file target_28.pdb (PDB, C-alpha atoms, pLDDT in the B column)
ATOM      1  CA  MET U 130    -138.220  69.088 -80.946  1.00 46.00           C
ATOM      2  CA  MET U 131    -137.314  65.672 -82.338  1.00 47.00           C
ATOM      3  CA  THR U 132    -133.963  65.025 -83.911  1.00 48.00           C
ATOM      4  CA  GLY U 133    -132.484  61.926 -85.491  1.00 48.00           C
ATOM      5  CA  ASN U 134    -129.730  61.622 -82.861  1.00 49.00           C
ATOM      6  CA  HIS U 135    -129.865  59.008 -80.108  1.00 48.00           C
ATOM      7  CA  HIS U 136    -128.268  58.919 -76.651  1.00 47.00           C
ATOM      8  CA  HIS U 137    -126.386  55.717 -75.891  1.00 47.00           C
ATOM      9  CA  ASP U 138    -126.114  55.334 -72.111  1.00 47.00           C
ATOM     10  CA  ALA U 139    -125.675  51.973 -70.352  1.00 48.00           C
ATOM     11  CA  GLY U 140    -126.951  50.149 -73.424  1.00 49.00           C
ATOM     12  CA  LEU U 141    -130.208  52.131 -73.491  1.00 49.00           C
ATOM     13  CA  VAL U 142    -131.206  54.002 -76.608  1.00 50.00           C
ATOM     14  CA  MET U 143    -133.479  57.002 -76.369  1.00 50.00           C
ATOM     15  CA  PRO U 144    -134.376  59.500 -79.070  1.00 52.00           C
ATOM     16  CA  ASP U 145    -133.675  63.175 -78.481  1.00 53.00           C
ATOM     17  CA  VAL U 146    -136.995  64.679 -77.454  1.00 55.00           C
ATOM     18  CA  VAL U 147    -136.211  68.041 -75.948  1.00 56.00           C
ATOM     19  CA  ALA U 148    -138.521  70.929 -75.191  1.00 58.00           C
ATOM     20  CA  GLU U 149    -137.375  74.423 -76.065  1.00 63.00           C
ATOM     21  CA  GLY U 150    -134.742  75.618 -73.561  1.00 62.00           C
ATOM     22  CA  GLU U 151    -134.445  72.251 -71.728  1.00 61.00           C
ATOM     23  CA  ASN U 152    -131.280  70.163 -71.360  1.00 62.00           C
ATOM     24  CA  PRO U 153    -131.607  66.487 -72.311  1.00 58.00           C
ATOM     25  CA  GLN U 154    -130.957  63.864 -69.589  1.00 57.00           C
ATOM     26  CA  PRO U 155    -129.986  60.236 -70.157  1.00 55.00           C
ATOM     27  CA  ILE U 156    -132.570  57.672 -69.012  1.00 54.00           C
ATOM     28  CA  ALA U 157    -130.435  56.570 -66.049  1.00 54.00           C
ATOM     29  CA  GLU U 158    -130.529  60.087 -64.574  1.00 54.00           C
ATOM     30  CA  CYS U 159    -134.292  60.621 -64.914  1.00 55.00           C
ATOM     31  CA  PRO U 160    -136.164  59.827 -61.690  1.00 55.00           C
ATOM     32  CA  PRO U 161    -139.189  57.532 -62.080  1.00 57.00           C
ATOM     33  CA  ALA U 162    -142.556  59.252 -62.433  1.00 55.00           C
ATOM     34  CA  ARG U 163    -143.677  58.113 -58.963  1.00 57.00           C
ATOM     35  CA  ALA U 164    -140.561  59.599 -57.353  1.00 52.00           C
ATOM     36  CA  ARG U 165    -141.158  62.881 -59.146  1.00 52.00           C
ATOM     37  CA  GLU U 166    -144.746  62.979 -57.842  1.00 52.00           C
ATOM     38  CA  ASP U 167    -143.583  62.260 -54.273  1.00 50.00           C
ATOM     39  CA  THR U 168    -141.009  65.051 -54.381  1.00 53.00           C
ATOM     40  CA  ARG U 169    -143.590  67.499 -55.668  1.00 54.00           C
ATOM     41  CA  SER U 170    -145.946  66.697 -52.804  1.00 52.00           C
ATOM     42  CA  GLY U 171    -143.136  66.874 -50.267  1.00 55.00           C
ATOM     43  CA  GLY U 172    -142.742  63.059 -50.024  1.00 55.00           C
ATOM     44  CA  HIS U 173    -145.870  62.686 -47.886  1.00 62.00           C
ATOM     45  CA  ALA U 174    -147.657  60.227 -50.203  1.00 63.00           C
ATOM     46  CA  SER U 175    -145.769  57.140 -48.998  1.00 73.00           C
ATOM     47  CA  VAL U 176    -146.093  58.200 -45.359  1.00 73.00           C
ATOM     48  CA  ALA U 177    -149.856  58.589 -45.776  1.00 73.00           C
ATOM     49  CA  VAL U 178    -150.158  55.130 -47.348  1.00 75.00           C
ATOM     50  CA  ALA U 179    -148.128  53.542 -44.531  1.00 73.00           C
ATOM     51  CA  ALA U 180    -150.106  55.401 -41.862  1.00 73.00           C
ATOM     52  CA  ALA U 181    -153.364  54.162 -43.372  1.00 74.00           C
ATOM     53  CA  ALA U 182    -152.131  50.548 -43.610  1.00 73.00           C
ATOM     54  CA  VAL U 183    -150.856  50.126 -40.034  1.00 73.00           C
ATOM     55  CA  PRO U 184    -154.274  50.173 -38.298  1.00 73.00           C
ATOM     56  CA  ARG U 185    -155.627  47.615 -40.775  1.00 70.00           C
ATOM     57  CA  ILE U 186    -152.621  45.322 -40.235  1.00 68.00           C
ATOM     58  CA  LEU U 187    -152.943  45.523 -36.456  1.00 68.00           C
ATOM     59  CA  ALA U 188    -156.738  45.156 -36.444  1.00 67.00           C
ATOM     60  CA  GLY U 189    -158.268  42.360 -34.388  1.00 65.00           C
ATOM     61  CA  SER U 190    -159.034  40.200 -37.445  1.00 66.00           C
ATOM     62  CA  SER U 191    -155.485  40.261 -38.825  1.00 68.00           C
ATOM     63  CA  PRO U 192    -153.096  37.278 -38.555  1.00 70.00           C
ATOM     64  CA  TRP U 193    -151.212  39.235 -35.886  1.00 71.00           C
ATOM     65  CA  PHE U 194    -154.125  38.716 -33.450  1.00 75.00           C
ATOM     66  CA  ALA U 195    -155.595  35.475 -34.829  1.00 77.00           C
ATOM     67  CA  GLN U 196    -155.449  32.436 -32.580  1.00 83.00           C
ATOM     68  CA  PRO U 197    -153.910  29.327 -34.161  1.00 83.00           C
ATOM     69  CA  PRO U 198    -156.005  26.164 -34.193  1.00 87.00           C
ATOM     70  CA  SER U 199    -155.258  23.616 -31.512  1.00 91.00           C
ATOM     71  CA  LEU U 200    -153.342  20.460 -32.347  1.00 93.00           C
ATOM     72  CA  ALA U 201    -156.610  18.501 -31.894  1.00 94.00           C
ATOM     73  CA  ALA U 202    -158.417  20.767 -34.383  1.00 93.00           C
ATOM     74  CA  ASP U 203    -155.548  20.388 -36.856  1.00 93.00           C
ATOM     75  CA  TRP U 204    -155.614  16.607 -36.514  1.00 94.00           C
ATOM     76  CA  ASP U 205    -159.391  16.571 -36.955  1.00 95.00           C
ATOM     77  CA  LEU U 206    -159.001  18.488 -40.212  1.00 93.00           C
ATOM     78  CA  HIS U 207    -156.330  16.030 -41.408  1.00 93.00           C
ATOM     79  CA  VAL U 208    -158.593  13.065 -40.595  1.00 93.00           C
ATOM     80  CA  LYS U 209    -161.521  14.608 -42.475  1.00 92.00           C
ATOM     81  CA  SER U 210    -159.252  15.324 -45.421  1.00 91.00           C
ATOM     82  CA  ALA U 211    -157.901  11.753 -45.424  1.00 91.00           C
ATOM     83  CA  ARG U 212    -161.419  10.283 -45.327  1.00 90.00           C
ATOM     84  CA  TYR U 213    -162.249  12.238 -48.465  1.00 89.00           C
ATOM     85  CA  PHE U 214    -160.046   9.871 -50.488  1.00 85.00           C
ATOM     86  CA  GLU U 215    -161.556   6.469 -51.263  1.00 81.00           C
ATOM     87  CA  PHE U 216    -158.408   5.031 -52.867  1.00 86.00           C
ATOM     88  CA  GLY U 217    -156.305   3.424 -50.107  1.00 85.00           C
ATOM     89  CA  PRO U 218    -152.814   4.686 -51.046  1.00 90.00           C
ATOM     90  CA  PHE U 219    -154.063   8.296 -51.299  1.00 91.00           C
ATOM     91  CA  ARG U 220    -155.787   7.977 -47.936  1.00 90.00           C
ATOM     92  CA  ALA U 221    -152.637   6.523 -46.335  1.00 92.00           C
ATOM     93  CA  ALA U 222    -150.504   9.304 -47.845  1.00 93.00           C
ATOM     94  CA  ARG U 223    -152.933  11.909 -46.479  1.00 93.00           C
ATOM     95  CA  TYR U 224    -152.831  10.364 -42.992  1.00 93.00           C
ATOM     96  CA  THR U 225    -149.027  10.274 -43.177  1.00 94.00           C
ATOM     97  CA  TRP U 226    -148.911  13.938 -44.180  1.00 95.00           C
ATOM     98  CA  GLY U 227    -151.246  14.796 -41.285  1.00 94.00           C
ATOM     99  CA  ALA U 228    -149.153  12.853 -38.773  1.00 95.00           C
ATOM    100  CA  ALA U 229    -145.959  14.554 -39.979  1.00 96.00           C
ATOM    101  CA  HIS U 230    -147.599  17.969 -39.759  1.00 96.00           C
ATOM    102  CA  ILE U 231    -148.952  17.371 -36.252  1.00 96.00           C
ATOM    103  CA  THR U 232    -145.569  16.061 -35.055  1.00 96.00           C
ATOM    104  CA  LEU U 233    -143.793  19.143 -36.389  1.00 96.00           C
ATOM    105  CA  ALA U 234    -146.501  21.470 -35.035  1.00 94.00           C
ATOM    106  CA  ALA U 235    -146.251  19.837 -31.594  1.00 94.00           C
ATOM    107  CA  ALA U 236    -142.470  20.288 -31.546  1.00 92.00           C
ATOM    108  CA  ILE U 237    -142.803  23.943 -32.551  1.00 92.00           C
ATOM    109  CA  GLU U 238    -145.534  24.502 -29.956  1.00 90.00           C
ATOM    110  CA  LEU U 239    -143.343  22.897 -27.264  1.00 86.00           C
ATOM    111  CA  LEU U 240    -140.462  25.192 -28.199  1.00 86.00           C
ATOM    112  CA  ARG U 241    -142.829  28.181 -28.244  1.00 88.00           C
ATOM    113  CA  TRP U 242    -144.268  27.243 -24.849  1.00 85.00           C
ATOM    114  CA  SER U 243    -140.861  26.650 -23.295  1.00 83.00           C
ATOM    115  CA  THR U 244    -139.442  29.973 -24.414  1.00 85.00           C
ATOM    116  CA  ARG U 245    -142.397  31.879 -23.015  1.00 87.00           C
ATOM    117  CA  SER U 246    -140.791  31.837 -19.576  1.00 88.00           C
ATOM    118  CA  PHE U 247    -137.246  31.322 -18.365  1.00 90.00           C
ATOM    119  CA  PRO U 248    -138.048  28.449 -15.916  1.00 89.00           C
ATOM    120  CA  ALA U 249    -139.918  26.511 -18.621  1.00 85.00           C
ATOM    121  CA  GLY U 250    -136.954  27.003 -20.945  1.00 86.00           C
ATOM    122  CA  LEU U 251    -134.607  25.615 -18.285  1.00 90.00           C
ATOM    123  CA  VAL U 252    -136.849  22.574 -17.825  1.00 89.00           C
ATOM    124  CA  LEU U 253    -136.824  21.863 -21.569  1.00 86.00           C
ATOM    125  CA  LEU U 254    -133.061  22.409 -21.729  1.00 89.00           C
ATOM    126  CA  GLY U 255    -132.600  19.941 -18.843  1.00 92.00           C
ATOM    127  CA  LEU U 256    -134.808  17.344 -20.549  1.00 90.00           C
ATOM    128  CA  VAL U 257    -132.887  17.685 -23.820  1.00 90.00           C
ATOM    129  CA  ALA U 258    -129.544  17.469 -21.994  1.00 94.00           C
ATOM    130  CA  ALA U 259    -130.696  14.333 -20.129  1.00 95.00           C
ATOM    131  CA  ALA U 260    -131.862  12.727 -23.373  1.00 93.00           C
ATOM    132  CA  VAL U 261    -128.529  13.479 -25.067  1.00 94.00           C
ATOM    133  CA  ILE U 262    -126.554  12.068 -22.116  1.00 94.00           C
ATOM    134  CA  LEU U 263    -128.678   8.904 -21.920  1.00 93.00           C
ATOM    135  CA  LEU U 264    -128.539   8.252 -25.635  1.00 85.00           C
TER     136      LEU U 264
END
call {"tool": "encode", "arguments": {"input": "target_28.pdb", "output": "structure tokens"}}
result
Amino acid sequence: MMTGNHHHDAGLVMPDVVAEGENPQPIAECPPARAREDTRSGGHASVAVAAAAVPRILAGSSPWFAQPPSLAADWDLHVKSARYFEFGPFRAARYTWGAAHITLAAAIELLRWSTRSFPAGLVLLGLVAAAVILL
């Protein structure tokens, strides 16, 4: 049944649409349709979706298992990209971007390599400490 009254709850206005024998609920108290469906099915819908997604995420072709390109392959790509530009300043900017990227990637790879084992981490820590003392 539709009446001319409106509920005012948290700034939301909703007309009174009430089925026979049902109590009206403000919008804030109504669960979303998806939540109602999940509770009817026992909440297993989201678990099924997650269970189906995990094998695809951990598959051999996912980024989790992908091997990163080597620094040489990255630099080669930057050089090819820089040679694409014929205008000198664009080419120089592209080479500069490539050099900055390779420098940062090398530093990250060194940190990654050194934290792979405790002795390598100690060697890197000693080299950094020596550089700080000498500078």
call {"tool": "atom_distance", "arguments": {"input": "target_28.pdb", "atom1": "atom CA of Arg223 of chain U", "atom2": "atom CA of Leu239 of chain U"}}
result
24.1 Å
call {"tool": "atom_distance", "arguments": {"input": "target_28.pdb", "atom1": "atom CA of Leu200 of chain U", "atom2": "atom CA of Ile231 of chain U"}}
result
6.6 Å
call {"tool": "atom_distance", "arguments": {"input": "target_28.pdb", "atom1": "atom CA of Trp193 of chain U", "atom2": "atom CA of Leu206 of chain U"}}
result
22.6 Å
call {"tool": "residues_around", "arguments": {"input": "target_28.pdb", "residues": "Trp226 of chain U", "least_positions_apart": "4", "cutoff": "12 Å", "atoms": "all atoms listed in the file", "output": "list in words"}}
result
Asp203, Trp204, Leu206, His207, Val208, Ser210, Ala211, Phe219, Arg220, Ala221, Ala222, His230, Ile231, Thr232 and Leu233 of chain U
call {"tool": "closest_residue", "arguments": {"input": "target_28.pdb", "among": "U:Ala235, U:Leu254, U:Ala228, U:Ala180", "to": "Pro198 of chain U", "atoms": "all atoms listed in the file"}}
result
U:Ala235
